[in-house]
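Visitor: One structure, pasted below without further comment.
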Amino acid sequence: MSPSPPSPPAPEPAHRAPATRVLIADDQDMVRTGFRLILDAQPDIEVIAEVPDGAACVEAARRLRPDVCLVDIRMPELDGLDVTRILAGPDATDPLRVVVVTTFDQDDYVYGALQGGACGFLLKDAGPGLLVEAVRAAARGDALVSPSVTVRLLERLGPHPGPAADGCPASPLTDRETDVARLVARGRTNQEICQELYVSLGTVKTHLGSIQTKLGVRNRVEIAAWAWETGTVRSR
């Protein structure tokens, strides 16, 4: 009886991308614990530190260089707006990605986080799914623009007087880019924009890149802010 052929070697394990490293800053112990439990349960996310105030957040962020900072809007020492400006603002030497967390009804001034460099924000009670998606979006250089947060916030602020609002044709965008910007301001995802405009995902990404370059903005949150400020998209 001939010997059995040797078993093939076991396949090499697939290379796994490093987990997204997250710093949580919130003055409430229960909120930090809840966020940590949700995020640490994800195979691609790791909470590396949690801190109770804004000053500690800035120190830990500069020391640990997390991929994403999840920052409460109201904290002692430094609030979320100050932390965002320091870590992600135009004067930051090596900006980090900051997602601001807010209780919307009390925190109308969260709009300032957009100008401060935040790449997203969400409600504390938004649920585990949106929390995880906000972190993942920030990690890949995108931003979570949720209709339940961004649109309500920007509609409440209303359009500011600007070139588009007063009728002057000063927008640098093409008609199709303007359509994309309006949908971004309404909280649509890239896939939803594809479906509404009947274009490919690659075309949407090309338009978004062009819009960011022309407007001098860094992410889709700032595109949304521009659209509402200028009256390119208006309240329902």
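In the structure tokens, each chain is lettered A, B, ... as it comes, each chain's residues begin at 1, and ligands are numbered from 1 in order of appearance.
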Might you pull out every residue within 8 Å of Cys57 of chain A, with only C-alpha atoms counted and same-chain residues fewer than 3 positions away left off, and present them as a list in words?
Guide: Leu23, Ile24, Ala25, Val51, Pro52, Asp53, Gly54, Ala60, Ala61 and Val83 of chain A
Visitor: So that I can check the secondary structure, give me every residue of segment 19-88 of chain A assigned helix (DSSP H, G or I) by backbone DSSP, as a PyMOL selection string.
Guide: chain A and resi 29-40+54-64+80-88
Visitor: Can you work out the spacing between atom CA of Pro18 of chain A and atom CA of Ile45 of chain A in Å, to one decimal?
Guide: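 Atom CA of Ile45 of chain A lies at a distance of 8.6 Å from atom CA of Pro18 of chain A.
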Visitor: I want to know what sits within 6 Å of Asp72 of chain A, based on only C-alpha atoms, with residues of the same chain fewer than 4 positions away left out; could you give that as JSON, numbers by chain?
Guide: {"A": [26, 80, 100, 101]}
Visitor: Hey, can you spit out that residue selection with N, CA, C and O atoms as a PDB file, in the first residue's frame?
Guide:
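Just written: out.pdb:
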ATOM      1  N   ASP A  26     -14.288  62.453  27.953  1.00  0.00           N
ATOM      2  CA  ASP A  26     -15.626  62.795  28.441  1.00  0.00           C
ATOM      3  C   ASP A  26     -15.560  62.873  29.958  1.00  0.00           C
ATOM      4  O   ASP A  26     -14.875  62.068  30.588  1.00  0.00           O
ATOM      5  N   GLY A  80     -14.870  70.980  24.342  1.00  0.00           N
ATOM      6  CA  GLY A  80     -14.611  70.268  23.106  1.00  0.00           C
ATOM      7  C   GLY A  80     -14.215  71.158  21.946  1.00  0.00           C
ATOM      8  O   GLY A  80     -13.447  70.746  21.070  1.00  0.00           O
ATOM      9  N   VAL A 100     -16.558  65.125  17.448  1.00  0.00           N
ATOM     10  CA  VAL A 100     -17.176  65.785  18.594  1.00  0.00           C
ATOM     11  C   VAL A 100     -18.500  65.112  18.918  1.00  0.00           C
ATOM     12  O   VAL A 100     -19.293  64.819  18.025  1.00  0.00           O
ATOM     13  N   VAL A 101     -18.723  64.872  20.208  1.00  0.00           N
ATOM     14  CA  VAL A 101     -19.968  64.260  20.675  1.00  0.00           C
ATOM     15  C   VAL A 101     -20.772  65.316  21.419  1.00  0.00           C
ATOM     16  O   VAL A 101     -20.220  66.087  22.209  1.00  0.00           O
TER      17      VAL A 101
END
Visitor: Set the distance at 12 Å and use only C-alpha atoms: which residues neighbour Val47 of chain A once local chain neighbours fewer than 4 positions away are removed? I'd like the list as a list of chain:residue names.
Guide: A:Ala19, A:Thr20, A:Arg21, A:Val22, A:Leu23, A:Ile24, A:Ala25, A:Arg32, A:Thr33, A:Gly34, A:Phe35, A:Arg36, A:Leu37, A:Ile38, A:Leu39, A:Asp40, A:Ala41, A:Gln42, A:Pro43, A:Val51, A:Leu64, A:Pro66, A:Asp67, A:Val68, A:Cys69, A:Leu70, A:Val132, A:Val135
Visitor: Could you name the residues that touch Arg182 of chain A at 8 Å or less, counting only C-alpha atoms, but leaving out those on the same chain fewer than 5 positions away, as a list of chain:residue names?
Guide: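 The residues that qualify are A:Ala224, A:Ala227, A:Thr232, A:Val233.
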Visitor: Please produce a file of those selected residues containing N, CA and C atoms, as a tab-separated table (two decimals), in the first residue's frame.
Guide:
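As written to disk, selection-v6.tsv reads:
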chain	number	residue	atom	x	y	z
A	224	ALA	N	-20.66	70.55	3.81
A	224	ALA	CA	-22.03	70.79	4.28
A	224	ALA	C	-22.16	72.17	4.90
A	227	ALA	N	-22.31	74.78	2.19
A	227	ALA	CA	-23.57	74.77	1.46
A	227	ALA	C	-24.67	75.49	2.24
A	232	THR	N	-26.63	77.61	-0.61
A	232	THR	CA	-26.65	76.66	-1.71
A	232	THR	C	-27.72	75.60	-1.47
A	233	VAL	N	-27.90	75.23	-0.21
A	233	VAL	CA	-29.02	74.38	0.18
A	233	VAL	C	-29.77	75.13	1.27
Visitor: Please determine, counting only C-alpha atoms, which residue among A:Ala134, A:Leu215, A:Val31, A:Cys119 has the shortest atom-to-atom distance to Pro95 of chain A.
Guide: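 Checking each candidate against Pro95 of chain A, we get A:Cys119 as the closest.
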Visitor: Find the distance between atom CA of Arg74 of chain A and atom CA of Gly112 of chain A and write it in Å to one decimal.
Guide: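 These atoms are spaced 13.0 Å apart.
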Visitor: Excluding Trp226 of chain A and residues on its chain fewer than 2 positions from it, collect all residues at most 10 Å away from it, counting only C-alpha atoms, and give them as a PDB file with all heavy atoms, in the first residue's frame.
Guide:
ATOM      1  N   PRO A 159     -29.199  79.635   6.678  1.00  0.00           N
ATOM      2  CA  PRO A 159     -28.167  80.157   5.798  1.00  0.00           C
ATOM      3  C   PRO A 159     -27.694  81.517   6.259  1.00  0.00           C
ATOM      4  O   PRO A 159     -28.487  82.344   6.676  1.00  0.00           O
ATOM      5  CB  PRO A 159     -28.858  80.228   4.431  1.00  0.00           C
ATOM      6  CG  PRO A 159     -30.315  80.340   4.754  1.00  0.00           C
ATOM      7  CD  PRO A 159     -30.512  79.563   6.026  1.00  0.00           C
ATOM      8  N   HIS A 160     -26.409  81.740   6.192  1.00  0.00           N
ATOM      9  CA  HIS A 160     -25.838  83.045   6.485  1.00  0.00           C
ATOM     10  C   HIS A 160     -25.848  83.863   5.200  1.00  0.00           C
ATOM     11  O   HIS A 160     -25.789  83.326   4.113  1.00  0.00           O
ATOM     12  CB  HIS A 160     -24.389  82.898   6.962  1.00  0.00           C
ATOM     13  CG  HIS A 160     -24.282  82.184   8.259  1.00  0.00           C
ATOM     14  ND1 HIS A 160     -23.137  82.170   8.997  1.00  0.00           N
ATOM     15  CD2 HIS A 160     -25.191  81.453   8.955  1.00  0.00           C
ATOM     16  CE1 HIS A 160     -23.327  81.462  10.092  1.00  0.00           C
ATOM     17  NE2 HIS A 160     -24.546  81.015  10.078  1.00  0.00           N
ATOM     18  N   GLY A 162     -24.502  85.377   2.138  1.00  0.00           N
ATOM     19  CA  GLY A 162     -23.287  85.032   1.412  1.00  0.00           C
ATOM     20  C   GLY A 162     -23.521  85.157  -0.058  1.00  0.00           C
ATOM     21  O   GLY A 162     -24.599  85.533  -0.510  1.00  0.00           O
ATOM     22  N   ALA A 181     -22.769  68.779  -3.622  1.00  0.00           N
ATOM     23  CA  ALA A 181     -22.624  69.524  -2.367  1.00  0.00           C
ATOM     24  C   ALA A 181     -23.956  69.624  -1.635  1.00  0.00           C
ATOM     25  O   ALA A 181     -24.016  69.498  -0.400  1.00  0.00           O
ATOM     26  CB  ALA A 181     -22.066  70.912  -2.644  1.00  0.00           C
ATOM     27  N   ARG A 182     -25.037  69.840  -2.372  1.00  0.00           N
ATOM     28  CA  ARG A 182     -26.368  69.918  -1.742  1.00  0.00           C
ATOM     29  C   ARG A 182     -26.723  68.602  -1.055  1.00  0.00           C
ATOM     30  O   ARG A 182     -27.275  68.590   0.051  1.00  0.00           O
ATOM     31  CB  ARG A 182     -27.429  70.247  -2.794  1.00  0.00           C
ATOM     32  CG  ARG A 182     -27.413  71.685  -3.287  1.00  0.00           C
ATOM     33  CD  ARG A 182     -28.670  71.992  -4.086  1.00  0.00           C
ATOM     34  NE  ARG A 182     -28.630  73.340  -4.627  1.00  0.00           N
ATOM     35  CZ  ARG A 182     -28.510  73.642  -5.909  1.00  0.00           C
ATOM     36  NH1 ARG A 182     -28.399  72.668  -6.810  1.00  0.00           N
ATOM     37  NH2 ARG A 182     -28.487  74.901  -6.303  1.00  0.00           N
ATOM     38  N   ALA A 185     -24.803  68.110   2.074  1.00  0.00           N
ATOM     39  CA  ALA A 185     -25.375  68.944   3.132  1.00  0.00           C
ATOM     40  C   ALA A 185     -26.668  68.361   3.688  1.00  0.00           C
ATOM     41  O   ALA A 185     -27.044  68.656   4.827  1.00  0.00           O
ATOM     42  CB  ALA A 185     -25.623  70.355   2.608  1.00  0.00           C
ATOM     43  N   LEU A 215     -13.156  74.686  -2.845  1.00  0.00           N
ATOM     44  CA  LEU A 215     -13.629  75.433  -1.679  1.00  0.00           C
ATOM     45  C   LEU A 215     -12.546  75.594  -0.619  1.00  0.00           C
ATOM     46  O   LEU A 215     -12.717  76.380   0.317  1.00  0.00           O
ATOM     47  CB  LEU A 215     -14.842  74.730  -1.061  1.00  0.00           C
ATOM     48  CG  LEU A 215     -16.078  74.571  -1.951  1.00  0.00           C
ATOM     49  CD1 LEU A 215     -17.199  73.899  -1.157  1.00  0.00           C
ATOM     50  CD2 LEU A 215     -16.536  75.918  -2.495  1.00  0.00           C
ATOM     51  N   VAL A 217     -11.649  73.225   1.527  1.00  0.00           N
ATOM     52  CA  VAL A 217     -12.108  72.564   2.750  1.00  0.00           C
ATOM     53  C   VAL A 217     -11.491  71.171   2.829  1.00  0.00           C
ATOM     54  O   VAL A 217     -10.979  70.657   1.844  1.00  0.00           O
ATOM     55  CB  VAL A 217     -13.653  72.474   2.793  1.00  0.00           C
ATOM     56  CG1 VAL A 217     -14.263  73.864   2.782  1.00  0.00           C
ATOM     57  CG2 VAL A 217     -14.191  71.656   1.613  1.00  0.00           C
ATOM     58  N   ARG A 220     -16.189  66.405   4.161  1.00  0.00           N
ATOM     59  CA  ARG A 220     -17.576  66.617   3.755  1.00  0.00           C
ATOM     60  C   ARG A 220     -18.373  67.391   4.787  1.00  0.00           C
ATOM     61  O   ARG A 220     -19.397  67.996   4.462  1.00  0.00           O
ATOM     62  CB  ARG A 220     -18.249  65.290   3.393  1.00  0.00           C
ATOM     63  CG  ARG A 220     -18.317  64.294   4.477  1.00  0.00           C
ATOM     64  CD  ARG A 220     -18.565  62.896   3.928  1.00  0.00           C
ATOM     65  NE  ARG A 220     -19.846  62.759   3.249  1.00  0.00           N
ATOM     66  CZ  ARG A 220     -19.987  62.152   2.069  1.00  0.00           C
ATOM     67  NH1 ARG A 220     -18.954  61.656   1.456  1.00  0.00           N
ATOM     68  NH2 ARG A 220     -21.175  62.049   1.523  1.00  0.00           N
ATOM     69  N   VAL A 221     -17.942  67.371   6.052  1.00  0.00           N
ATOM     70  CA  VAL A 221     -18.614  68.203   7.050  1.00  0.00           C
ATOM     71  C   VAL A 221     -18.460  69.671   6.681  1.00  0.00           C
ATOM     72  O   VAL A 221     -19.406  70.458   6.753  1.00  0.00           O
ATOM     73  CB  VAL A 221     -18.055  67.927   8.457  1.00  0.00           C
ATOM     74  CG1 VAL A 221     -18.695  68.855   9.473  1.00  0.00           C
ATOM     75  CG2 VAL A 221     -18.277  66.483   8.853  1.00  0.00           C
ATOM     76  N   GLU A 222     -17.253  70.060   6.257  1.00  0.00           N
ATOM     77  CA  GLU A 222     -17.024  71.447   5.874  1.00  0.00           C
ATOM     78  C   GLU A 222     -17.728  71.780   4.560  1.00  0.00           C
ATOM     79  O   GLU A 222     -18.132  72.923   4.342  1.00  0.00           O
ATOM     80  CB  GLU A 222     -15.522  71.718   5.778  1.00  0.00           C
ATOM     81  CG  GLU A 222     -14.839  71.663   7.141  1.00  0.00           C
ATOM     82  CD  GLU A 222     -13.361  72.016   7.070  1.00  0.00           C
ATOM     83  OE1 GLU A 222     -12.854  72.286   5.962  1.00  0.00           O
ATOM     84  OE2 GLU A 222     -12.717  72.026   8.121  1.00  0.00           O
ATOM     85  N   ILE A 223     -17.876  70.792   3.672  1.00  0.00           N
ATOM     86  CA  ILE A 223     -18.680  71.017   2.463  1.00  0.00           C
ATOM     87  C   ILE A 223     -20.118  71.336   2.868  1.00  0.00           C
ATOM     88  O   ILE A 223     -20.741  72.268   2.345  1.00  0.00           O
ATOM     89  CB  ILE A 223     -18.650  69.777   1.548  1.00  0.00           C
ATOM     90  CG1 ILE A 223     -17.256  69.567   0.956  1.00  0.00           C
ATOM     91  CG2 ILE A 223     -19.666  69.935   0.403  1.00  0.00           C
ATOM     92  CD1 ILE A 223     -17.105  68.276   0.163  1.00  0.00           C
ATOM     93  N   ALA A 224     -20.661  70.549   3.809  1.00  0.00           N
ATOM     94  CA  ALA A 224     -22.032  70.789   4.278  1.00  0.00           C
ATOM     95  C   ALA A 224     -22.159  72.171   4.899  1.00  0.00           C
ATOM     96  O   ALA A 224     -23.131  72.898   4.642  1.00  0.00           O
ATOM     97  CB  ALA A 224     -22.433  69.705   5.284  1.00  0.00           C
ATOM     98  N   TRP A 228     -24.694  75.274   3.558  1.00  0.00           N
ATOM     99  CA  TRP A 228     -25.722  75.930   4.369  1.00  0.00           C
ATOM    100  C   TRP A 228     -25.398  77.406   4.567  1.00  0.00           C
ATOM    101  O   TRP A 228     -26.293  78.262   4.541  1.00  0.00           O
ATOM    102  CB  TRP A 228     -25.853  75.227   5.711  1.00  0.00           C
ATOM    103  CG  TRP A 228     -26.588  73.929   5.605  1.00  0.00           C
ATOM    104  CD1 TRP A 228     -26.048  72.681   5.489  1.00  0.00           C
ATOM    105  CD2 TRP A 228     -28.000  73.752   5.539  1.00  0.00           C
ATOM    106  NE1 TRP A 228     -27.034  71.740   5.369  1.00  0.00           N
ATOM    107  CE2 TRP A 228     -28.239  72.359   5.404  1.00  0.00           C
ATOM    108  CE3 TRP A 228     -29.080  74.628   5.589  1.00  0.00           C
ATOM    109  CZ2 TRP A 228     -29.521  71.835   5.322  1.00  0.00           C
ATOM    110  CZ3 TRP A 228     -30.363  74.100   5.510  1.00  0.00           C
ATOM    111  CH2 TRP A 228     -30.567  72.723   5.378  1.00  0.00           C
ATOM    112  N   GLU A 229     -24.131  77.736   4.779  1.00  0.00           N
ATOM    113  CA  GLU A 229     -23.746  79.137   4.979  1.00  0.00           C
ATOM    114  C   GLU A 229     -24.084  79.996   3.775  1.00  0.00           C
ATOM    115  O   GLU A 229     -24.500  81.142   3.915  1.00  0.00           O
ATOM    116  CB  GLU A 229     -22.245  79.231   5.274  1.00  0.00           C
ATOM    117  CG  GLU A 229     -21.836  78.903   6.680  1.00  0.00           C
ATOM    118  CD  GLU A 229     -20.358  79.181   6.903  1.00  0.00           C
ATOM    119  OE1 GLU A 229     -19.582  79.071   5.934  1.00  0.00           O
ATOM    120  OE2 GLU A 229     -19.992  79.504   8.032  1.00  0.00           O
ATOM    121  N   THR A 230     -23.854  79.474   2.606  1.00  0.00           N
ATOM    122  CA  THR A 230     -24.011  80.267   1.383  1.00  0.00           C
ATOM    123  C   THR A 230     -25.418  80.215   0.819  1.00  0.00           C
ATOM    124  O   THR A 230     -25.719  80.911  -0.149  1.00  0.00           O
ATOM    125  CB  THR A 230     -23.041  79.780   0.299  1.00  0.00           C
ATOM    126  OG1 THR A 230     -23.309  78.409   0.005  1.00  0.00           O
ATOM    127  CG2 THR A 230     -21.591  79.946   0.756  1.00  0.00           C
ATOM    128  N   GLY A 231     -26.288  79.398   1.421  1.00  0.00           N
ATOM    129  CA  GLY A 231     -27.624  79.264   0.888  1.00  0.00           C
ATOM    130  C   GLY A 231     -27.714  78.352  -0.314  1.00  0.00           C
ATOM    131  O   GLY A 231     -28.743  78.301  -0.988  1.00  0.00           O
ATOM    132  N   THR A 232     -26.627  77.612  -0.608  1.00  0.00           N
ATOM    133  CA  THR A 232     -26.652  76.657  -1.715  1.00  0.00           C
ATOM    134  C   THR A 232     -27.724  75.598  -1.467  1.00  0.00           C
ATOM    135  O   THR A 232     -28.359  75.100  -2.400  1.00  0.00           O
ATOM    136  CB  THR A 232     -25.272  76.003  -1.869  1.00  0.00           C
ATOM    137  OG1 THR A 232     -24.325  77.031  -2.178  1.00  0.00           O
ATOM    138  CG2 THR A 232     -25.273  74.978  -3.003  1.00  0.00           C
ATOM    139  N   VAL A 233     -27.905  75.235  -0.207  1.00  0.00           N
ATOM    140  CA  VAL A 233     -29.023  74.380   0.182  1.00  0.00           C
ATOM    141  C   VAL A 233     -29.774  75.125   1.272  1.00  0.00           C
ATOM    142  O   VAL A 233     -29.163  75.755   2.130  1.00  0.00           O
ATOM    143  CB  VAL A 233     -28.545  72.998   0.662  1.00  0.00           C
ATOM    144  CG1 VAL A 233     -27.668  73.111   1.889  1.00  0.00           C
ATOM    145  CG2 VAL A 233     -29.723  72.087   0.974  1.00  0.00           C
TER     146      VAL A 233
END
Visitor: Separation of atom CA of Arg85 of chain A and atom CA of Thr102 of chain A, in Å?
Guide: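 Atom-to-atom, atom CA of Arg85 of chain A and atom CA of Thr102 of chain A are spaced 16.2 Å apart.
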Visitor: Which residue gives the smallest distance to Gly117 of chain A among A:Leu130, A:Ile211, A:Ala225, A:Val204, with only C-alpha atoms counted?
Guide: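 The shortest atom-to-atom distance to Gly117 of chain A comes from A:Ala225.
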